[in-house]
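Trainee: So that we are looking at the same thing, I have put the structure below in structure tokens.
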Amino acid sequence: MFKHFINLQWKSFFRAASLKSNIAIKILMIFAALYMAVVFIGMGVGVYFLIEDQNMGDPFDVVNKFMIYYIAVDLVFRYMLQKMPVTNIKPLLYLPFKKAEIVNFSLGKTILSYFNWSHAFFFIPFSIVLLMKDYNPIGVIGWHLAIIALIYCNNFINVLANNKDSLFYAAIAILALLGASQYFDLFDITAFTGPFFNAMYNLPWLAILLIAVAVALYVVAFQHFKKNLYLDAGLATKQTIAKTEDLSWLNRFGNLGTFLKNDIKLIKRNKRSKMAVITSFVFIFYGFLFFTGAIEVYDGPIWRIFAGIFISGGFLFSFGQFVPSWDSSYYPLMMSQNIKYKEYLDSKWYLIVIATILSTIIASFYLFFGLDAYLAILVGAMYNIGVNSYMVLLGGAYTRTPIDLTSAKKAFGDKQSFNLKTIMLTLPKLILPLLIYALGHYLINPTAGYIFVALAGVIGFAFKGLVFKKIEQIYKKEKYKTLLAYKQTN
Amino acid sequence: MIVAQNLTKKYSSGTVLNIENLQIPKGQSFGLVGNNGAGKTTFFSLLLDLIQPTTGHIINNGVQVNTSEDWKPFTSAFIDETFLIGYLTAEEYFYFIGELRGQNKADVNALLSTFQDFFHGEILGQKKYLRDLSKGNQKKAGIVASFIGNPEVVILDEPFANLDPTTQIRLKGIIKDLAANNNVTVLVSSHDLIHVTEVCERIVVLNKGEIVKDIQTSAETLKELEVFFAG
């Protein structure tokens with residue numbers, strides 16, 4: 001029976017539409033994966049010596065101290081990205097399989113998930129370094145096994161907690177609160193958890209306990225799934241109670257208002273778009289890496305513009321990047337209705353501009369880091385509105401990745417969203433403003449750099465009509481390809 | 001009203017549609033039947049400019065559909081669930097379509113009130129988004145949305161599939177009315193020969209992309225079609 005499952009799995013993987021995307025993308029993906037692996041291995045090897053250099057105390061202690069955050073962040077990422085094993089179960093239900101087998105296979109599949117074994121890239125090199133540094137081998141192995149057990153605990157917790165959004169947001173809030181209170185020396189959770197992770201080294205047999213916990217969680221998940229293996233229980237698609245919204249105050253904008261109303265509902269009522277908004281909010285805090293000097297390579301003046309672009313442009317990148325894919329599930333409707341592309345695109349453009357302005361206002365707390373820092377954000381916002389807003393819309397004409405609005409997963413992992421044209425289009429979005437700034441900064445002075453970038457934004461803004469006409473033409477030309485691509489959901 | 005000339009659609013696997021000449025006069029209720037792969041949906045997609053013809057063109061009320069978009073204001077369609085916006089309630093969807101077609105809320109409400117019977121209390125006032133409605137109810141919403149804004153051409157792909165018997169009977173009445181009283185050209189495709197002969201004045205049979213029969217509906221039509229498809 002297991003043979004059948006494996007066979008089905010194999011086919012579903014190799015016959016997926018996304019795998020048929022062209023070779024160039026595949027190679028790129030492999031490079032990306034290799035790069036991630038190398039970064040993780042590098043971290044695993046290097047972190048010990050890095051901490052040693054910084055004189056923060058015993059490196060192993062320091063790692064153990066922060067391990068709680070590692071585990072917590074892992075859980076958050078899993079919740080957002082890891083796909084649940086329930087898909088494709090429905091057609092198996094009425095076939096002569098035992099339910100226990102179906103559940104075992106589905107759960108077993110998650111054990112092999114990338115989210116589990118990718119940690120090995122970090123922990124194996126790190127453990128080897130520990131052994132070479134004459135840590136007690138039995139202790140290190142015990143610790144290592146315990147961490148593996150914890151990661152698998154996360155795996156099954158995630159399976160159990162899937163789709164419980166309130167739980168997720170609460171967990172995020174607690175995590176942020178703990179992080180903040182640690183940063184401001186109010187309360188240090190690591191004082192309690194650090195010793196726990198140290199204990200796993202000192203008392204290697206603890207690993208057995210943790211493995212037992214992981215196994216217990218597997219059993220709980222197994223029972224939970226088996227009990228809910230019915231179409232109207234665990235396999236039911238969640239329904240939300242619909243609220244009709246009026247939003248008629250937007251009517252004053254005419255046809256544009258019609259689209260704005262729809263776009264606002266789109267964002268509010270779908271998981272995937274909500275995730276985009278959350279991501280854009282997180283982007284606002286990205287600047288801490290730059291302006292606090294936390295990362296040395298980011299200290300160069302040019303990187304401030306880079307930060308400015310990202311802080312004000314979170315929504316632009318997380319939402320704008322995927323126009324018109326947000327409407328992919330009903331694109332044929334849009335294309336056969338009496339719709340002017342200009343109005344349709346205008347609505348998306350206004351959303352991006354409004355979000356950019358909002359982000360810039362929220363980001364005013366960067367004034368703490370000096371006027372210069374906030375100036376970089378303002379200038380970045382101007383460039384985003386004047387130039388990048390068109391760039392993302394233009395890129396959208398070529399993106400052609402159908403979006404499943406109801407699933408928050410795959411937000412980052414869409415293979416089709418990597419194609420050569422979209423990559424080419426990210427260059428002017430990120431690199432060009434840096435070059436423009438560098439030109440002013442090194443030829444004249446920093447102020448001139450800011451003025452140059454801002455000017456580019458203003459000029460772009462002034463030519464909106466013209467640019468939109470061009471973009472419209474491209475959308476029209478790409479229409480049939482886009483329609484075809486959206487048909488291939490999955 | 002609608003003229004298709006030398007219309008072909010070819011994919012690498014072969015020709016899927018080849019219509020030399022097809023004319024559909026205004027106000028006709030036109031039925032398209034054929035087995036799977038006969039080219040019904042391909043024809044409708046070409047009519048809505050959702051795919052490009054390999055050769056030839058379709059002229060809808062004097063507008064060539066693959067070069068101008070001026071056919072959009074007087075043409076509407078419901079092909080499949082990609083014509084629904086899943087995250088809207090039925091009302092919001094109707095109003096959205098209404099606004100796109102220059103109808104205000106009152107206009108749309110007036111139209112909807114004539115479809116109370118058809119909805120059977122399962123569409124309006126539900127605390128559900130369209131994506132959470134059953135297939136049949138989704139279809140009802142999509143079909144009615146295609147009547148919003150006084151279109152002159154209405155295209156319905158397989159409108160009877162998934163509907164319950166009561167609704168099928170009501171839909172037949174609606175389509176007949178539309179063509180008879182409002183001078184609307186209605187294009188319907190169906191696998192159900194009984195329905196289509198009852199509703200349509202004219203029936204065209206497609207087979208492997210070609211027109212093999214073009215019948216003015218009469219009492220013998222059903223028999224003729226059954227003989228054809230049995231063979």
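As shown in the structure tokens, the chain order sets the letters A, B, ...; within each chain, residues go from 1, and ligands are also counted from 1 in the order they appear.
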Write out as a Markdown table the residues of chain B that have any atom within 8 Å of an atom of chain A, one row each with the nearest atom pair and its distance in Å to one decimal, counting only C-alpha atoms, sorted by chain and then rising number.

Mentor:
```
| residue | atom | partner | partner_atom | distance |
| --- | --- | --- | --- | --- |
| B:Leu48 | CA | A:Ser336 | CA | 6.0 |
| B:Asp49 | CA | A:Ser336 | CA | 7.5 |
| B:Leu50 | CA | A:Tyr480 | CA | 6.4 |
| B:Ile51 | CA | A:Tyr480 | CA | 5.9 |
| B:Gln52 | CA | A:Tyr480 | CA | 7.2 |
| B:Lys72 | CA | A:Asn338 | CA | 5.0 |
| B:Pro73 | CA | A:Asn338 | CA | 5.4 |
| B:Ser76 | CA | A:Gln337 | CA | 7.2 |
| B:Ala77 | CA | A:Ser336 | CA | 7.8 |
| B:Glu81 | CA | A:Tyr330 | CA | 7.7 |
| B:Thr82 | CA | A:Tyr330 | CA | 4.3 |
| B:Phe83 | CA | A:Leu333 | CA | 4.4 |
| B:Leu84 | CA | A:Tyr330 | CA | 6.0 |
| B:Ile85 | CA | A:Tyr330 | CA | 6.0 |
| B:Tyr87 | CA | A:Arg269 | CA | 6.3 |
| B:Leu88 | CA | A:Lys265 | CA | 7.6 |
| B:Thr89 | CA | A:Thr244 | CA | 6.7 |
| B:Glu92 | CA | A:Thr244 | CA | 7.1 |
| B:Phe96 | CA | A:Thr258 | CA | 6.9 |
| B:Glu99 | CA | A:Thr258 | CA | 6.8 |
| B:Leu100 | CA | A:Asn338 | CA | 6.2 |
| B:Arg101 | CA | A:Asn338 | CA | 6.6 |
| B:Gln126 | CA | A:Ala242 | CA | 7.9 |
| B:Lys127 | CA | A:Ala242 | CA | 4.7 |
| B:Lys128 | CA | A:Ala242 | CA | 4.7 |
| B:Tyr129 | CA | A:Ala242 | CA | 5.6 |
| B:Asp132 | CA | A:Gln239 | CA | 6.4 |
```

Trainee: Figure out the distance between CA of His191 in chain B and CA of Gln28 in chain B, please, to one decimal in Å.

Mentor: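 Computed distance, CA of Gln28 in chain B to CA of His191 in chain B, equals 19.6 Å.
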
Trainee: Measuring between only C-alpha atoms, which one of A:Tyr366, A:Phe31, A:Tyr442, A:Trp349 shows the shortest distance to Phe468 in chain A?

Mentor: A:Trp349

Trainee: Residues within 9 Å of range 136-142 of chain A, please, as a PyMOL selection string. Count only C-alpha atoms; anything in the same chain fewer than 4 positions from it doesn't count.

Mentor: chain A and resi 127-128+130-131+146-147+200-208

Trainee: Could you list, as number ranges by chain, every residue within 8 Å of range 113-124 of chain B, counting only C-alpha atoms and ignoring same-chain residues fewer than 4 positions away?

Mentor: B: 90-91, 109, 137, 140-141, 144, 167, 170-171

Trainee: With only C-alpha atoms as the counted atoms, please give the residues lying no more than 7 Å from range 198-206 of chain B, apart from itself and same-chain residues fewer than 5 positions off, as a compact mmCIF listing (two decimals) with N, CA and C atoms, in the first residue's frame.

Mentor:
```txt
# COMPACT_ATOMS: atom_id res chain seq x y z
N GLN B 28 -31.82 35.99 -31.89
CA GLN B 28 -31.96 34.54 -32.01
C GLN B 28 -31.49 33.85 -30.73
N SER B 29 -32.20 32.79 -30.37
CA SER B 29 -31.65 31.96 -29.29
C SER B 29 -30.96 30.78 -29.96
N PHE B 30 -29.66 30.73 -29.74
CA PHE B 30 -28.79 29.88 -30.54
C PHE B 30 -28.18 28.81 -29.65
N GLY B 31 -28.34 27.56 -30.05
CA GLY B 31 -27.82 26.47 -29.24
C GLY B 31 -26.64 25.79 -29.90
N LEU B 32 -25.66 25.48 -29.09
CA LEU B 32 -24.46 24.83 -29.61
C LEU B 32 -24.33 23.49 -28.90
N VAL B 33 -24.36 22.40 -29.66
CA VAL B 33 -24.18 21.09 -29.01
C VAL B 33 -23.03 20.35 -29.67
N GLY B 34 -22.51 19.42 -28.95
CA GLY B 34 -21.38 18.64 -29.44
C GLY B 34 -20.74 17.90 -28.30
N ALA B 38 -15.48 19.17 -28.92
CA ALA B 38 -16.05 19.56 -30.21
C ALA B 38 -15.70 21.00 -30.57
N GLY B 39 -15.34 21.80 -29.56
CA GLY B 39 -14.94 23.18 -29.83
C GLY B 39 -15.93 24.23 -29.36
N LYS B 172 -34.89 27.78 -18.26
CA LYS B 172 -35.40 27.66 -19.63
C LYS B 172 -36.38 28.79 -19.93
N ILE B 175 -34.47 32.13 -20.42
CA ILE B 175 -33.76 32.26 -21.69
C ILE B 175 -34.75 32.50 -22.84
N LYS B 176 -35.86 31.77 -22.81
CA LYS B 176 -36.88 31.96 -23.86
C LYS B 176 -37.39 33.40 -23.85
N ILE B 211 -18.72 22.47 -38.18
CA ILE B 211 -20.18 22.47 -38.11
C ILE B 211 -20.69 21.31 -38.96
N VAL B 212 -21.42 20.38 -38.33
CA VAL B 212 -21.93 19.24 -39.09
C VAL B 212 -23.43 19.30 -39.27
N LYS B 213 -24.09 20.12 -38.46
CA LYS B 213 -25.54 20.27 -38.61
C LYS B 213 -25.92 21.69 -38.23
N ASP B 214 -26.89 22.24 -38.94
CA ASP B 214 -27.41 23.57 -38.62
C ASP B 214 -28.91 23.50 -38.81
N ILE B 215 -29.63 23.41 -37.68
CA ILE B 215 -31.05 23.05 -37.74
C ILE B 215 -31.92 24.17 -37.18
N GLN B 216 -32.98 24.53 -37.88
CA GLN B 216 -34.03 25.36 -37.28
C GLN B 216 -34.89 24.42 -36.45
N THR B 217 -35.03 24.72 -35.18
CA THR B 217 -35.67 23.76 -34.29
C THR B 217 -37.13 23.51 -34.69
```

Trainee: Which one is closest to Ala230 in chain B: B:Asn60, B:Leu193, B:Ser218, B:Pro25? Count only C-alpha atoms.

Mentor: B:Leu193

Trainee: Just want the 9 Å neighbourhood of Val38 in chain A, counted on only C-alpha atoms, with same-chain residues fewer than 5 positions away dropped. Output as a PyMOL selection string.

Mentor: chain A and resi 33+43+121

Trainee: Using the selection just defined, write its residues with N, CA, C and O atoms as a PDB file, in the first residue's frame.

Mentor:
```pdb
ATOM      1  N   ALA A  33      19.098  27.545  -3.831  1.00  0.00           N
ATOM      2  CA  ALA A  33      19.098  26.545  -2.773  1.00  0.00           C
ATOM      3  C   ALA A  33      20.519  26.279  -2.284  1.00  0.00           C
ATOM      4  O   ALA A  33      20.774  26.204  -1.080  1.00  0.00           O
ATOM      5  N   MET A  43      27.392  29.609   8.495  1.00  0.00           N
ATOM      6  CA  MET A  43      26.993  30.067   9.817  1.00  0.00           C
ATOM      7  C   MET A  43      27.328  29.006  10.857  1.00  0.00           C
ATOM      8  O   MET A  43      27.807  29.310  11.939  1.00  0.00           O
ATOM      9  N   PHE A 121      21.991  21.728   7.932  1.00  0.00           N
ATOM     10  CA  PHE A 121      23.088  22.524   7.372  1.00  0.00           C
ATOM     11  C   PHE A 121      23.758  23.386   8.439  1.00  0.00           C
ATOM     12  O   PHE A 121      24.932  23.690   8.362  1.00  0.00           O
TER      13      PHE A 121
END
```

Trainee: For CA of Ser68 in chain B and CA of Pro402 in chain A, determine how far apart the two atoms are, in Å to one decimal place.

Mentor: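 A separation of 26.5 Å between them.
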
Trainee: Could you state the separation of CA of Lys477 in chain A and CA of Val353 in chain A in Å, given to one decimal place?

Mentor: 25.7 Å

Trainee: Using the chain letters and numbers from this document, which residues of chain B does DSSP assign to strand (DSSP E or B), as an MDAnalysis selection string?

Mentor: chainID B and resid 2:11 14:24 29:33 55:60 63:64 75:78 153:157 185:190 202:207 210:216

Trainee: Can you pull out every residue from range 126-159 of chain B that DSSP, working from the backbone, puts in helix (DSSP H, G or I), and format the result as an NGL selection string?

Mentor: :B and (130-132 or 135-145)

Trainee: Please, could you write that set of residues out with N, CA and C atoms as a PDB file, in the first residue's frame?

Mentor:
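out02.pdb, freshly written:
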```pdb
ATOM      1  N   LEU B 130     -19.058  34.079  -2.250  1.00  0.00           N
ATOM      2  CA  LEU B 130     -19.373  33.228  -3.396  1.00  0.00           C
ATOM      3  C   LEU B 130     -18.562  31.940  -3.392  1.00  0.00           C
ATOM      4  N   ARG B 131     -17.301  32.019  -2.931  1.00  0.00           N
ATOM      5  CA  ARG B 131     -16.458  30.824  -2.952  1.00  0.00           C
ATOM      6  C   ARG B 131     -16.993  29.731  -2.032  1.00  0.00           C
ATOM      7  N   ASP B 132     -17.840  30.096  -1.068  1.00  0.00           N
ATOM      8  CA  ASP B 132     -18.368  29.105  -0.135  1.00  0.00           C
ATOM      9  C   ASP B 132     -19.747  28.593  -0.523  1.00  0.00           C
ATOM     10  N   LYS B 135     -21.768  24.560  -5.919  1.00  0.00           N
ATOM     11  CA  LYS B 135     -21.535  24.758  -7.358  1.00  0.00           C
ATOM     12  C   LYS B 135     -22.792  25.283  -8.058  1.00  0.00           C
ATOM     13  N   GLY B 136     -23.929  24.681  -7.728  1.00  0.00           N
ATOM     14  CA  GLY B 136     -25.174  25.076  -8.365  1.00  0.00           C
ATOM     15  C   GLY B 136     -25.533  26.527  -8.069  1.00  0.00           C
ATOM     16  N   ASN B 137     -25.369  26.902  -6.806  1.00  0.00           N
ATOM     17  CA  ASN B 137     -25.697  28.276  -6.435  1.00  0.00           C
ATOM     18  C   ASN B 137     -24.720  29.280  -7.029  1.00  0.00           C
ATOM     19  N   GLN B 138     -23.462  28.873  -7.133  1.00  0.00           N
ATOM     20  CA  GLN B 138     -22.493  29.743  -7.801  1.00  0.00           C
ATOM     21  C   GLN B 138     -22.945  30.005  -9.234  1.00  0.00           C
ATOM     22  N   LYS B 139     -23.415  28.940  -9.866  1.00  0.00           N
ATOM     23  CA  LYS B 139     -23.836  29.056 -11.258  1.00  0.00           C
ATOM     24  C   LYS B 139     -25.025  30.004 -11.388  1.00  0.00           C
ATOM     25  N   LYS B 140     -25.960  29.880 -10.447  1.00  0.00           N
ATOM     26  CA  LYS B 140     -27.112  30.782 -10.481  1.00  0.00           C
ATOM     27  C   LYS B 140     -26.651  32.231 -10.431  1.00  0.00           C
ATOM     28  N   ALA B 141     -25.744  32.522  -9.502  1.00  0.00           N
ATOM     29  CA  ALA B 141     -25.265  33.897  -9.344  1.00  0.00           C
ATOM     30  C   ALA B 141     -24.578  34.367 -10.633  1.00  0.00           C
ATOM     31  N   GLY B 142     -23.758  33.500 -11.211  1.00  0.00           N
ATOM     32  CA  GLY B 142     -23.034  33.881 -12.421  1.00  0.00           C
ATOM     33  C   GLY B 142     -23.961  34.123 -13.600  1.00  0.00           C
ATOM     34  N   ILE B 143     -24.975  33.279 -13.731  1.00  0.00           N
ATOM     35  CA  ILE B 143     -25.908  33.430 -14.846  1.00  0.00           C
ATOM     36  C   ILE B 143     -26.672  34.749 -14.723  1.00  0.00           C
ATOM     37  N   VAL B 144     -27.168  35.019 -13.514  1.00  0.00           N
ATOM     38  CA  VAL B 144     -27.935  36.257 -13.344  1.00  0.00           C
ATOM     39  C   VAL B 144     -27.041  37.475 -13.550  1.00  0.00           C
ATOM     40  N   ALA B 145     -25.799  37.394 -13.102  1.00  0.00           N
ATOM     41  CA  ALA B 145     -24.888  38.525 -13.290  1.00  0.00           C
ATOM     42  C   ALA B 145     -24.715  38.832 -14.773  1.00  0.00           C
TER      43      ALA B 145
END
```

Trainee: At a cut-off of 9 Å, using only C-alpha atoms, what residues contact His57 in chain B? Leave out same-chain residues fewer than 3 positions from it and give the result as a ChimeraX atom specification.

Mentor: /B:3-8,46,53-54,64-66
